[in-house]
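Enquirer: Next comes the structure file query00.cif, holding mmCIF, C-alpha atoms and all ligand atoms.
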```cif
data_start
loop_
_atom_site.label_atom_id
_atom_site.label_comp_id
_atom_site.auth_asym_id
_atom_site.auth_seq_id
_atom_site.Cartn_x
_atom_site.Cartn_y
_atom_site.Cartn_z
CA MET A 534 0.00 0.00 0.00
CA SER A 535 1.45 3.35 -0.98
CA THR A 536 1.42 6.23 1.43
CA SER A 537 -1.11 8.59 -0.05
CA THR A 538 -0.27 12.27 -0.13
CA THR A 539 -3.99 13.07 -0.20
CA ARG A 540 -4.62 11.49 3.19
CA PRO A 541 -5.67 14.16 5.66
CA ALA A 542 -3.04 15.19 8.17
CA ARG A 543 -5.45 14.50 11.03
CA PRO A 544 -8.24 11.97 11.40
CA THR A 545 -11.46 13.01 9.71
CA THR A 546 -14.42 13.56 11.99
CA LEU A 547 -18.11 13.90 11.41
CA GLU A 548 -17.88 17.53 12.31
CA THR A 549 -17.18 20.46 10.03
CA GLU A 550 -14.63 23.21 10.53
CA GLU A 551 -17.52 25.37 11.78
CA HIS A 552 -18.39 22.77 14.37
CA ARG A 553 -14.81 22.61 15.56
CA ALA A 554 -14.68 26.39 15.79
CA LEU A 555 -17.97 26.36 17.71
CA ARG A 556 -16.57 23.78 20.13
CA ALA A 557 -13.51 25.97 20.68
CA THR A 558 -15.66 29.04 21.37
CA VAL A 559 -17.82 27.17 23.87
CA ALA A 560 -14.84 25.51 25.52
CA ALA A 561 -13.24 28.94 26.04
CA LEU A 562 -16.45 30.26 27.58
CA GLY A 563 -16.79 27.17 29.76
CA LYS A 564 -13.23 27.55 30.96
CA ARG A 565 -13.93 31.10 32.09
CA TYR A 566 -16.70 29.82 34.37
CA GLY A 567 -15.85 26.19 35.15
CA ARG A 568 -16.96 23.95 37.98
CA ALA A 569 -16.15 26.42 40.74
CA TYR A 570 -18.78 28.80 39.35
CA PHE A 571 -21.44 26.08 39.57
CA THR A 572 -20.41 24.93 43.02
CA GLY A 573 -20.58 28.55 44.18
CA LEU A 574 -24.11 28.90 42.82
CA VAL A 575 -25.23 25.73 44.58
CA ASP A 576 -23.79 27.03 47.86
CA THR A 577 -25.47 30.42 47.58
CA GLY A 578 -28.72 29.26 45.95
CA GLY A 579 -27.95 31.33 42.86
CA HIS A 580 -28.71 30.75 39.21
CA PRO A 581 -26.28 30.68 36.27
CA GLU A 582 -27.57 34.01 34.91
CA ALA A 583 -24.13 35.36 34.04
CA LEU A 584 -23.14 32.29 32.04
CA TRP A 585 -26.58 32.21 30.41
CA ALA A 586 -26.22 35.85 29.35
CA ASP A 587 -22.68 35.36 28.05
CA ALA A 588 -23.69 32.27 26.11
CA ALA A 589 -26.58 34.24 24.60
CA LYS A 590 -24.29 37.12 23.66
CA LEU A 591 -22.12 34.69 21.72
CA GLY A 592 -25.20 33.40 19.91
CA LEU A 593 -24.90 29.99 21.55
CA LEU A 594 -28.36 29.71 23.12
CA GLY A 595 -30.28 30.21 19.91
CA VAL A 596 -27.82 28.53 17.59
CA ASN A 597 -30.57 26.11 16.50
CA LEU A 598 -33.29 28.73 16.01
CA PRO A 599 -34.15 30.30 12.64
CA GLU A 600 -32.05 33.30 11.63
CA GLU A 601 -35.11 35.38 10.76
CA TYR A 602 -36.08 35.20 14.46
CA GLY A 603 -32.68 36.06 15.86
CA GLY A 604 -31.26 32.55 15.95
CA GLY A 605 -28.14 31.11 14.39
CA GLY A 606 -29.92 29.11 11.70
CA GLY A 607 -28.27 25.86 12.78
CA GLY A 608 -29.84 22.76 14.25
CA ILE A 609 -29.80 20.40 17.20
CA ALA A 610 -26.34 19.24 16.05
CA GLU A 611 -24.95 22.66 16.93
CA LEU A 612 -27.04 23.19 20.07
CA SER A 613 -26.10 19.78 21.49
CA LEU A 614 -22.45 20.49 20.81
CA VAL A 615 -22.73 23.70 22.87
CA LEU A 616 -24.26 21.86 25.82
CA GLU A 617 -21.69 19.05 25.65
CA GLU A 618 -18.76 21.49 25.71
CA LEU A 619 -20.19 23.46 28.63
CA GLY A 620 -20.63 20.16 30.47
CA ALA A 621 -17.08 19.13 29.69
CA ALA A 622 -16.00 22.40 31.32
CA GLY A 623 -18.04 21.52 34.41
CA CYS A 624 -20.82 24.07 33.93
CA PRO A 625 -23.66 22.60 31.82
CA LEU A 626 -26.76 24.75 31.39
CA LEU A 627 -29.63 22.35 32.08
CA MET A 628 -32.24 24.82 30.86
CA MET A 629 -30.78 24.61 27.36
CA ILE A 630 -32.46 21.21 27.14
CA VAL A 631 -35.86 22.76 27.60
CA SER A 632 -35.78 26.42 26.59
CA PRO A 633 -34.15 26.55 23.12
CA ALA A 634 -34.23 22.79 22.39
CA ILE A 635 -37.79 21.71 23.22
CA CYS A 636 -39.73 24.95 23.45
CA GLY A 637 -37.77 26.84 20.78
CA THR A 638 -38.05 23.94 18.36
CA VAL A 639 -41.77 23.40 18.91
CA ILE A 640 -42.55 27.11 18.53
CA ALA A 641 -40.30 27.42 15.44
CA ARG A 642 -41.94 24.42 13.81
CA PHE A 643 -45.56 24.76 14.86
CA GLY A 644 -46.09 28.22 16.39
CA THR A 645 -48.04 31.05 14.83
CA GLU A 646 -46.19 34.02 13.40
CA GLU A 647 -47.06 35.98 16.55
CA GLN A 648 -45.79 33.26 18.87
CA LYS A 649 -42.57 33.05 16.90
CA ARG A 650 -42.05 36.80 17.10
CA ALA A 651 -42.93 36.89 20.78
CA TRP A 652 -40.68 34.04 21.86
CA LEU A 653 -37.92 33.03 19.47
CA PRO A 654 -35.79 36.22 19.51
CA ALA A 655 -36.10 36.33 23.31
CA LEU A 656 -35.17 32.65 23.75
CA ALA A 657 -32.19 33.22 21.45
CA ASP A 658 -30.90 36.37 23.16
CA GLY A 659 -31.47 34.82 26.58
CA SER A 660 -33.83 37.55 27.78
CA ARG A 661 -36.63 35.00 28.24
CA THR A 662 -36.56 31.34 29.23
CA MET A 663 -39.18 28.65 28.95
CA ALA A 664 -39.55 25.48 31.05
CA PHE A 665 -41.31 22.33 29.88
CA GLY A 666 -43.76 20.21 31.86
CA ILE A 667 -45.01 16.81 30.82
CA THR A 668 -44.36 14.45 33.76
CA GLU A 669 -47.28 13.80 36.08
CA PRO A 670 -47.38 12.12 39.48
CA ASP A 671 -49.77 9.38 38.32
CA ALA A 672 -48.47 8.99 34.79
CA GLY A 673 -44.64 9.05 35.09
CA SER A 674 -43.08 7.03 32.28
CA ASN A 675 -46.49 6.47 30.73
CA ALA A 676 -47.14 9.85 29.11
CA HIS A 677 -50.26 8.44 27.47
CA ARG A 678 -51.86 8.55 30.91
CA ILE A 679 -51.47 12.26 31.55
CA THR A 680 -54.64 13.87 32.80
CA THR A 681 -53.89 17.60 32.74
CA THR A 682 -56.90 18.71 30.75
CA ALA A 683 -57.67 21.79 28.69
CA ARG A 684 -61.23 22.74 28.00
CA ARG A 685 -62.60 25.65 26.06
CA ASP A 686 -64.41 28.52 27.77
CA GLY A 687 -65.50 30.97 25.09
CA ASP A 688 -62.28 31.95 23.28
CA ASP A 689 -60.16 30.99 26.28
CA TRP A 690 -58.76 27.73 27.56
CA LEU A 691 -59.03 26.47 31.14
CA LEU A 692 -56.17 24.18 32.12
CA THR A 693 -56.40 21.88 35.15
CA GLY A 694 -54.01 19.23 36.38
CA ARG A 695 -50.71 18.45 38.13
CA LYS A 696 -47.12 18.09 37.02
CA VAL A 697 -44.04 16.91 38.86
CA PHE A 698 -40.23 17.23 38.61
CA VAL A 699 -40.47 20.18 36.23
CA SER A 700 -37.10 21.96 36.11
CA GLY A 701 -36.51 25.69 36.35
CA VAL A 702 -40.12 26.87 36.66
CA ASP A 703 -39.01 29.57 39.12
CA ILE A 704 -36.58 31.13 36.65
CA ALA A 705 -38.56 30.54 33.47
CA ASP A 706 -40.89 33.26 32.18
CA ALA A 707 -43.35 30.58 31.15
CA THR A 708 -43.72 26.82 31.06
CA LEU A 709 -44.78 24.87 28.00
CA ILE A 710 -47.31 22.49 29.53
CA VAL A 711 -48.41 19.29 27.85
CA GLY A 712 -52.12 18.91 28.39
CA ARG A 713 -54.89 17.07 26.65
CA THR A 714 -58.14 18.14 25.13
CA GLU A 715 -61.17 15.98 25.17
CA ASP A 716 -61.90 14.67 21.74
CA ALA A 717 -65.62 15.12 21.27
CA ARG A 718 -65.79 12.55 18.47
CA THR A 719 -63.97 9.65 20.08
CA GLY A 720 -64.15 10.57 23.76
CA SER A 721 -60.40 9.89 23.96
CA LEU A 722 -57.81 12.45 25.03
CA LYS A 723 -55.19 14.12 22.80
CA PRO A 724 -51.92 15.81 23.82
CA CYS A 725 -51.52 19.50 23.12
CA LEU A 726 -49.12 22.21 24.22
CA PHE A 727 -49.87 25.43 26.12
CA ILE A 728 -47.66 28.36 27.08
CA VAL A 729 -48.42 29.10 30.73
CA PRO A 730 -46.90 32.34 32.11
CA ARG A 731 -45.08 31.91 35.44
CA ASP A 732 -47.48 34.12 37.38
CA ALA A 733 -50.75 33.03 35.76
CA PRO A 734 -53.52 32.88 38.40
CA GLY A 735 -54.12 29.27 39.45
CA PHE A 736 -50.60 28.17 38.44
CA GLY A 737 -48.95 26.99 41.67
CA ARG A 738 -45.50 25.54 42.31
CA ARG A 739 -43.79 23.77 45.19
CA ARG A 740 -40.09 23.11 45.18
CA ILE A 741 -39.11 19.46 45.55
CA ASP A 742 -36.11 18.80 47.77
CA MET A 743 -33.73 16.86 45.55
CA GLU A 744 -30.44 15.26 46.53
CA LEU A 745 -28.84 16.90 43.54
CA GLN A 746 -26.24 19.62 43.60
CA ALA A 747 -27.36 21.77 40.72
CA PRO A 748 -28.42 25.40 40.42
CA GLU A 749 -31.64 24.42 38.60
CA LYS A 750 -34.44 23.20 40.85
CA GLN A 751 -37.37 20.84 40.27
CA PHE A 752 -41.00 21.68 41.05
CA GLU A 753 -44.37 20.10 41.56
CA LEU A 754 -46.98 22.16 39.74
CA THR A 755 -50.69 22.58 40.24
CA LEU A 756 -52.91 24.01 37.56
CA ASP A 757 -56.26 25.01 38.95
CA GLU A 758 -58.49 26.23 36.14
CA VAL A 759 -55.67 28.33 34.73
CA ARG A 760 -57.28 30.70 32.26
CA LEU A 761 -55.30 31.09 29.07
CA PRO A 762 -56.04 33.08 25.91
CA ALA A 763 -56.67 31.18 22.65
CA ASP A 764 -53.15 31.92 21.45
CA ALA A 765 -51.58 30.10 24.41
CA LEU A 766 -52.04 26.91 22.41
CA VAL A 767 -48.95 26.11 20.35
CA GLY A 768 -49.62 24.29 17.13
CA ASP A 769 -52.62 22.36 16.07
CA GLU A 770 -55.02 21.01 18.66
CA ASP A 771 -55.30 17.87 16.54
CA ALA A 772 -51.62 17.36 15.67
CA GLY A 773 -51.12 15.23 18.76
CA LEU A 774 -48.04 13.08 19.15
CA LEU A 775 -46.21 14.24 16.03
CA GLN A 776 -45.97 17.77 17.40
CA LEU A 777 -45.01 16.57 20.84
CA PHE A 778 -42.19 14.39 19.54
CA ALA A 779 -40.85 17.29 17.51
CA GLY A 780 -39.87 18.59 20.95
CA LEU A 781 -39.13 15.32 22.73
CA ASN A 782 -36.53 14.10 20.24
CA PRO A 783 -34.37 17.22 20.65
CA GLU A 784 -34.80 16.78 24.42
CA ARG A 785 -33.32 13.27 24.21
CA ILE A 786 -30.44 14.40 22.01
CA MET A 787 -29.70 17.27 24.38
CA THR A 788 -29.83 14.98 27.41
CA ALA A 789 -27.33 12.76 25.64
CA ALA A 790 -25.10 15.81 25.14
CA PHE A 791 -25.54 16.75 28.81
CA ALA A 792 -24.41 13.25 29.83
CA LEU A 793 -21.48 13.25 27.39
CA GLY A 794 -20.21 16.54 28.78
CA MET A 795 -20.46 15.29 32.35
CA GLY A 796 -18.73 12.04 31.47
CA ARG A 797 -15.91 13.92 29.75
CA TYR A 798 -15.52 16.28 32.69
CA ALA A 799 -15.26 13.41 35.21
CA LEU A 800 -12.95 11.39 32.99
CA ALA A 801 -10.58 14.33 32.45
CA LYS A 802 -10.34 14.87 36.22
CA ALA A 803 -9.57 11.20 36.77
CA VAL A 804 -6.94 11.06 34.05
CA GLU A 805 -5.23 14.16 35.40
CA TYR A 806 -5.17 12.61 38.88
CA ALA A 807 -4.03 9.18 37.69
CA LYS A 808 -1.02 10.70 35.92
CA GLU A 809 0.19 12.36 39.12
CA ARG A 810 -0.83 10.27 42.07
CA THR A 811 1.99 7.91 43.01
CA VAL A 812 1.76 5.48 45.93
CA TRP A 813 4.11 2.80 44.57
CA LYS A 814 6.86 3.25 42.02
CA ALA A 815 4.75 4.54 39.13
CA PRO A 816 1.69 6.83 39.00
CA ILE A 817 -1.55 4.90 39.61
CA GLY A 818 -2.48 5.46 35.95
CA ALA A 819 0.26 2.99 35.01
CA HIS A 820 -1.72 0.19 36.69
CA GLN A 821 -3.99 -1.39 34.14
CA ALA A 822 -6.71 -1.81 36.74
CA ILE A 823 -6.93 1.98 36.72
CA ALA A 824 -5.96 2.66 33.09
CA HIS A 825 -8.23 0.17 31.33
CA PRO A 826 -11.53 1.23 32.89
CA LEU A 827 -10.65 4.84 32.06
CA ALA A 828 -9.84 3.83 28.48
CA GLN A 829 -13.14 1.94 28.32
CA ALA A 830 -15.01 4.97 29.64
CA HIS A 831 -13.40 7.10 26.95
CA ILE A 832 -14.36 4.63 24.21
CA GLU A 833 -17.93 4.44 25.44
CA ILE A 834 -18.25 8.22 25.55
CA GLU A 835 -16.91 8.44 21.99
CA LEU A 836 -19.36 5.77 20.79
CA ALA A 837 -22.25 7.48 22.48
CA ARG A 838 -21.21 10.76 20.88
CA LEU A 839 -21.31 9.14 17.45
CA MET A 840 -24.88 8.05 18.07
CA THR A 841 -25.76 11.51 19.34
CA GLN A 842 -24.33 13.04 16.15
CA LYS A 843 -26.35 10.59 14.07
CA ALA A 844 -29.54 11.42 15.93
CA ALA A 845 -28.94 15.16 15.56
CA ALA A 846 -28.13 14.80 11.86
CA LEU A 847 -31.32 12.82 11.24
CA TYR A 848 -33.39 15.30 13.21
CA ASP A 849 -31.89 18.30 11.44
CA THR A 850 -32.58 16.81 8.02
CA GLY A 851 -36.25 16.38 8.93
CA ASP A 852 -36.30 12.61 9.42
CA ASP A 853 -38.44 12.59 12.57
CA THR A 854 -38.95 8.82 12.55
CA GLY A 855 -35.29 7.95 12.11
CA ALA A 856 -34.35 10.60 14.64
CA GLY A 857 -36.77 9.10 17.17
CA GLU A 858 -35.01 5.77 17.25
CA ALA A 859 -31.52 7.28 17.12
CA ALA A 860 -32.32 9.87 19.83
CA ASN A 861 -33.49 7.13 22.17
CA MET A 862 -30.37 5.07 21.53
CA ALA A 863 -28.09 8.10 21.92
CA LYS A 864 -29.71 9.07 25.22
CA TYR A 865 -29.37 5.49 26.46
CA ALA A 866 -25.74 5.14 25.39
CA ALA A 867 -24.67 8.55 26.67
CA ALA A 868 -26.35 8.09 30.05
CA GLU A 869 -24.78 4.68 30.55
CA ALA A 870 -21.37 6.02 29.45
CA ALA A 871 -21.67 8.97 31.86
CA VAL A 872 -22.74 6.84 34.82
CA LYS A 873 -19.79 4.52 34.21
CA ALA A 874 -17.27 7.32 33.61
CA VAL A 875 -18.30 9.14 36.77
CA ASP A 876 -18.19 5.96 38.84
CA GLN A 877 -14.71 5.13 37.57
CA ALA A 878 -13.53 8.70 38.04
CA VAL A 879 -14.61 8.70 41.68
CA HIS A 880 -12.93 5.35 42.21
CA THR A 881 -9.71 6.54 40.57
CA LEU A 882 -9.38 9.30 43.14
CA GLY A 883 -9.67 6.88 46.06
CA GLY A 884 -10.67 8.81 49.21
CA ASN A 885 -10.30 12.07 47.34
CA GLY A 886 -13.12 10.92 45.07
CA LEU A 887 -15.46 11.56 47.96
CA THR A 888 -14.10 14.93 49.10
CA SER A 889 -15.73 18.27 48.41
CA GLU A 890 -12.34 19.59 47.34
CA PHE A 891 -12.32 17.36 44.26
CA GLY A 892 -16.09 17.64 43.78
CA LEU A 893 -16.66 14.39 41.90
CA ALA A 894 -18.92 12.47 44.25
CA SER A 895 -21.91 14.76 43.64
CA LEU A 896 -21.73 13.75 39.98
CA ILE A 897 -22.73 10.22 40.97
CA THR A 898 -26.23 11.53 41.65
CA ALA A 899 -26.15 13.97 38.75
CA ALA A 900 -25.18 11.30 36.22
CA ARG A 901 -28.15 9.17 37.29
CA VAL A 902 -30.51 11.92 36.13
CA ALA A 903 -29.63 11.14 32.52
CA ARG A 904 -30.50 7.51 33.14
CA ILE A 905 -33.96 8.40 34.46
CA ALA A 906 -34.97 11.55 32.57
CA PRO A 907 -36.53 12.50 30.26
CA VAL A 908 -37.23 8.87 29.49
CA SER A 909 -35.80 6.07 31.59
CA ARG A 910 -33.31 3.44 30.50
CA GLU A 911 -36.01 0.76 30.71
CA MET A 912 -38.47 2.69 28.56
CA ILE A 913 -35.78 3.03 25.88
CA LEU A 914 -35.12 -0.69 26.07
CA ASN A 915 -38.87 -1.21 25.74
CA TYR A 916 -38.94 1.09 22.70
CA VAL A 917 -36.08 -0.73 20.99
CA SER A 918 -37.56 -4.13 21.87
CA HIS A 919 -40.92 -3.25 20.38
CA GLN A 920 -40.26 -0.68 17.67
CA THR A 921 -36.88 -1.82 16.38
CA LEU A 922 -36.89 -5.54 17.08
CA GLY A 923 -40.62 -6.15 16.83
CA LEU A 924 -40.81 -8.08 20.08
CA PRO A 925 -44.20 -8.37 21.81
CA LYS A 926 -45.25 -5.97 24.58
CA SER A 927 -45.81 -7.00 28.20
CA TYR A 928 -47.74 -3.87 29.19
C1 LIG B 1001 -33.53 16.10 37.82
C2 LIG B 1001 -34.78 15.85 37.05
C3 LIG B 1001 -35.27 16.82 36.21
C4 LIG B 1001 -36.46 16.62 35.53
N1 LIG B 1001 -36.95 17.65 34.75
C5 LIG B 1001 -38.17 17.48 34.15
C6 LIG B 1001 -38.76 18.57 33.42
O1 LIG B 1001 -38.17 19.65 33.28
N2 LIG B 1001 -39.98 18.40 32.88
C7 LIG B 1001 -40.67 17.22 33.02
O2 LIG B 1001 -41.78 17.12 32.51
N3 LIG B 1001 -40.14 16.16 33.70
C8 LIG B 1001 -38.92 16.27 34.28
N4 LIG B 1001 -38.36 15.23 34.98
C9 LIG B 1001 -39.14 14.00 35.15
C10 LIG B 1001 -38.58 12.78 34.39
O3 LIG B 1001 -38.79 12.94 33.02
C11 LIG B 1001 -39.25 11.53 34.99
O4 LIG B 1001 -38.70 11.35 36.28
C12 LIG B 1001 -39.07 10.30 34.13
O5 LIG B 1001 -39.81 10.42 32.94
C13 LIG B 1001 -39.49 9.01 34.86
O6 LIG B 1001 -40.78 9.14 35.38
P1 LIG B 1001 -41.04 8.76 36.93
O7 LIG B 1001 -40.04 9.49 37.76
O8 LIG B 1001 -42.47 8.99 37.22
O9 LIG B 1001 -40.71 7.22 37.05
P2 LIG B 1001 -41.71 5.99 36.90
O10 LIG B 1001 -42.47 6.09 35.62
O11 LIG B 1001 -42.49 5.83 38.15
O12 LIG B 1001 -40.68 4.78 36.78
C14 LIG B 1001 -40.01 4.25 37.92
C15 LIG B 1001 -39.11 3.09 37.46
O13 LIG B 1001 -39.91 2.08 36.85
C16 LIG B 1001 -39.42 1.79 35.54
N5 LIG B 1001 -40.54 1.46 34.65
C17 LIG B 1001 -41.71 2.15 34.48
N6 LIG B 1001 -42.47 1.56 33.54
C18 LIG B 1001 -41.77 0.49 33.09
C19 LIG B 1001 -42.02 -0.52 32.10
N7 LIG B 1001 -43.13 -0.55 31.36
N8 LIG B 1001 -41.06 -1.47 31.91
C20 LIG B 1001 -39.90 -1.45 32.62
N9 LIG B 1001 -39.62 -0.53 33.56
C21 LIG B 1001 -40.54 0.42 33.80
C22 LIG B 1001 -38.70 3.05 35.11
O14 LIG B 1001 -37.71 2.77 34.13
C23 LIG B 1001 -38.08 3.54 36.41
O15 LIG B 1001 -36.85 2.90 36.65
C24 LIG B 1001 -37.16 15.40 35.65
C25 LIG B 1001 -36.64 14.39 36.49
C26 LIG B 1001 -35.47 14.60 37.18
C27 LIG B 1001 -34.96 13.52 38.09
#
```
In structure tokens, what does this structure look like?

Expert:
Amino acid sequence: MSTSTTRPARPTTLETEEHRALRATVAALGKRYGRAYFTGLVDTGGHPEALWADAAKLGLLGVNLPEEYGGGGGGIAELSLVLEELGAAGCPLLMMIVSPAICGTVIARFGTEEQKRAWLPALADGSRTMAFGITEPDAGSNAHRITTTARRDGDDWLLTGRKVFVSGVDIADATLIVGRTEDARTGSLKPCLFIVPRDAPGFGRRRIDMELQAPEKQFELTLDEVRLPADALVGDEDAGLLQLFAGLNPERIMTAAFALGMGRYALAKAVEYAKERTVWKAPIGAHQAIAHPLAQAHIEIELARLMTQKAAALYDTGDDTGAGEAANMAKYAAAEAAVKAVDQAVHTLGGNGLTSEFGLASLITAARVARIAPVSREMILNYVSHQTLGLPKSY
């Protein structure tokens, strides 16, 4: 085999020069803030407003939103890359999963011209944020069982129900709530999406005490006949699941990116430590019992990133069905990779893995979030069993 002069000097990747430049921009921003910024916010009960504003100024928050509404004209590929890099720097912005990714996408794809003008430029420049509420206490993983119900009252809607574990409702200007309308013809219920302003009368919230060290908090919500104008409904009342999944697939891809960033952050800390820490003749990283699991964690993060890139590429080219399967698989793979990377990172540091000084132990809980939310590991395995492999259902 001859040595080709046309072979690229560096390995080819699935990412363009623009993507690499975007990664570098985000990494530089992340480095300016870093883990210490987040830990400080957790200690003081603060929110990552400064990082949010700086990310917006650089055009990173709305990178996926249409240019005509102040966005960057990119897609979920670019937005997920931003979140991954911030996570790798130790300061992931959880609300990116909901505000520009779910809510921005749904409004851009299905909103009216007025809704687009009211929300998209503000989501992109960071001046407004939107939360997203679908989970219910009695429905959980089975979103088909949600009971939050919208009924018409003249031109208005009245929304009644309960939600749980909804992130960032206190800092979001509004929450995109998944409700159902009663279908007069069939008597069955259909999902539809409503923008509920934070201070709407009848919209109550109670903070849930979580054993998570993160600036963003989770809330239980009550909706007691919340009166909403006709234009609070986003999209078609009859569009149902298609419209909902236009938002849920980006959510899965973004959660995968969140997990990848966290896994990379933990792994980098462990590698740095393993190169230095010496209790025998050589640094602990020379022992294969330490080196191999770290190498495995790296491989698994890389593999999960490939799947995340595939899911984002399918979504951005408009293949909602293909993206659905790939987004589920990416979220599964990235969450598992992150859980494993964090576990191994903590172990690599020995006793220091559990100290506040090194700050890795809290990631054990944080990494589990990606395994549970927005759709659990088991529900993804169910999806692949039934949808991909055609196996029969037990439930
Ligand atoms: C930190 C955090 C932030 C969140 N943010 C939001 C948010 O912003 N908005 C929002 O709407 N929701 C949010 N959630 C909720 C999250 O999406 C749900 O927790 C998740 O969908 C699982 O629902 P559940 O907690 O009710 O678990 P359950 O549905 O009660 O499931 C419990 C366990 O049973 C398993 N299980 C259930 N059914 C099956 C089955 N058929 N086969 C096999 N196993 C099964 C599950 O995998 C899981 O392990 C958040 C959750 C967390 C932890």

Enquirer: List all protein, DNA and RNA residues that have an atom no more than 9 Å from any atom of ligand LIG 1001 (chain B), counting all atoms listed in the file, and report them as an NGL selection string.

Expert: :A and (627-628 or 630-631 or 664-676 or 696-702 or 710-711 or 743 or 745 or 747 or 749-752 or 899 or 901-915 or 926-928)

Enquirer: Using all atoms listed in the file, which of A:Ile704, A:Ala815, A:Ile786, A:Ala772 sits nearest Ala846 in chain A?

Expert: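 Checking each candidate against Ala846 in chain A, we get A:Ile786 as the closest.
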
Enquirer: Which of these residues is nearest to Leu691 in chain A, using all atoms listed in the file: A:Arg838, A:Arg661, A:Arg760, A:Lys649?

Expert: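 Among the listed residues, the smallest separation from Leu691 in chain A belongs to A:Arg760.
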
Enquirer: Would you kindly return, as a compact mmCIF listing (two decimals) with C-alpha atoms, in the coordinates of the input, each protein, DNA or RNA residue with an atom no farther than 12 Å from any atom of Thr572 in chain A, considering only C-alpha atoms and excluding same-chain residues fewer than 6 positions away?

Expert:
```txt
# COMPACT_ATOMS: atom_id res chain seq x y z
CA TYR A 566 -16.70 29.82 34.37
CA GLY A 578 -28.72 29.26 45.95
CA GLY A 579 -27.95 31.33 42.86
CA HIS A 580 -28.71 30.75 39.21
CA PRO A 581 -26.28 30.68 36.27
CA GLY A 623 -18.04 21.52 34.41
CA CYS A 624 -20.82 24.07 33.93
CA PRO A 625 -23.66 22.60 31.82
CA LEU A 745 -28.84 16.90 43.54
CA GLN A 746 -26.24 19.62 43.60
CA ALA A 747 -27.36 21.77 40.72
CA PRO A 748 -28.42 25.40 40.42
CA SER A 889 -15.73 18.27 48.41
CA GLU A 890 -12.34 19.59 47.34
CA PHE A 891 -12.32 17.36 44.26
CA GLY A 892 -16.09 17.64 43.78
CA LEU A 893 -16.66 14.39 41.90
CA SER A 895 -21.91 14.76 43.64
CA LEU A 896 -21.73 13.75 39.98
```

Enquirer: When you count only C-alpha atoms, which of these residues is closest to Arg568 in chain A: A:Val729, A:Leu709, A:Val639, A:Leu626?

Expert: A:Leu626
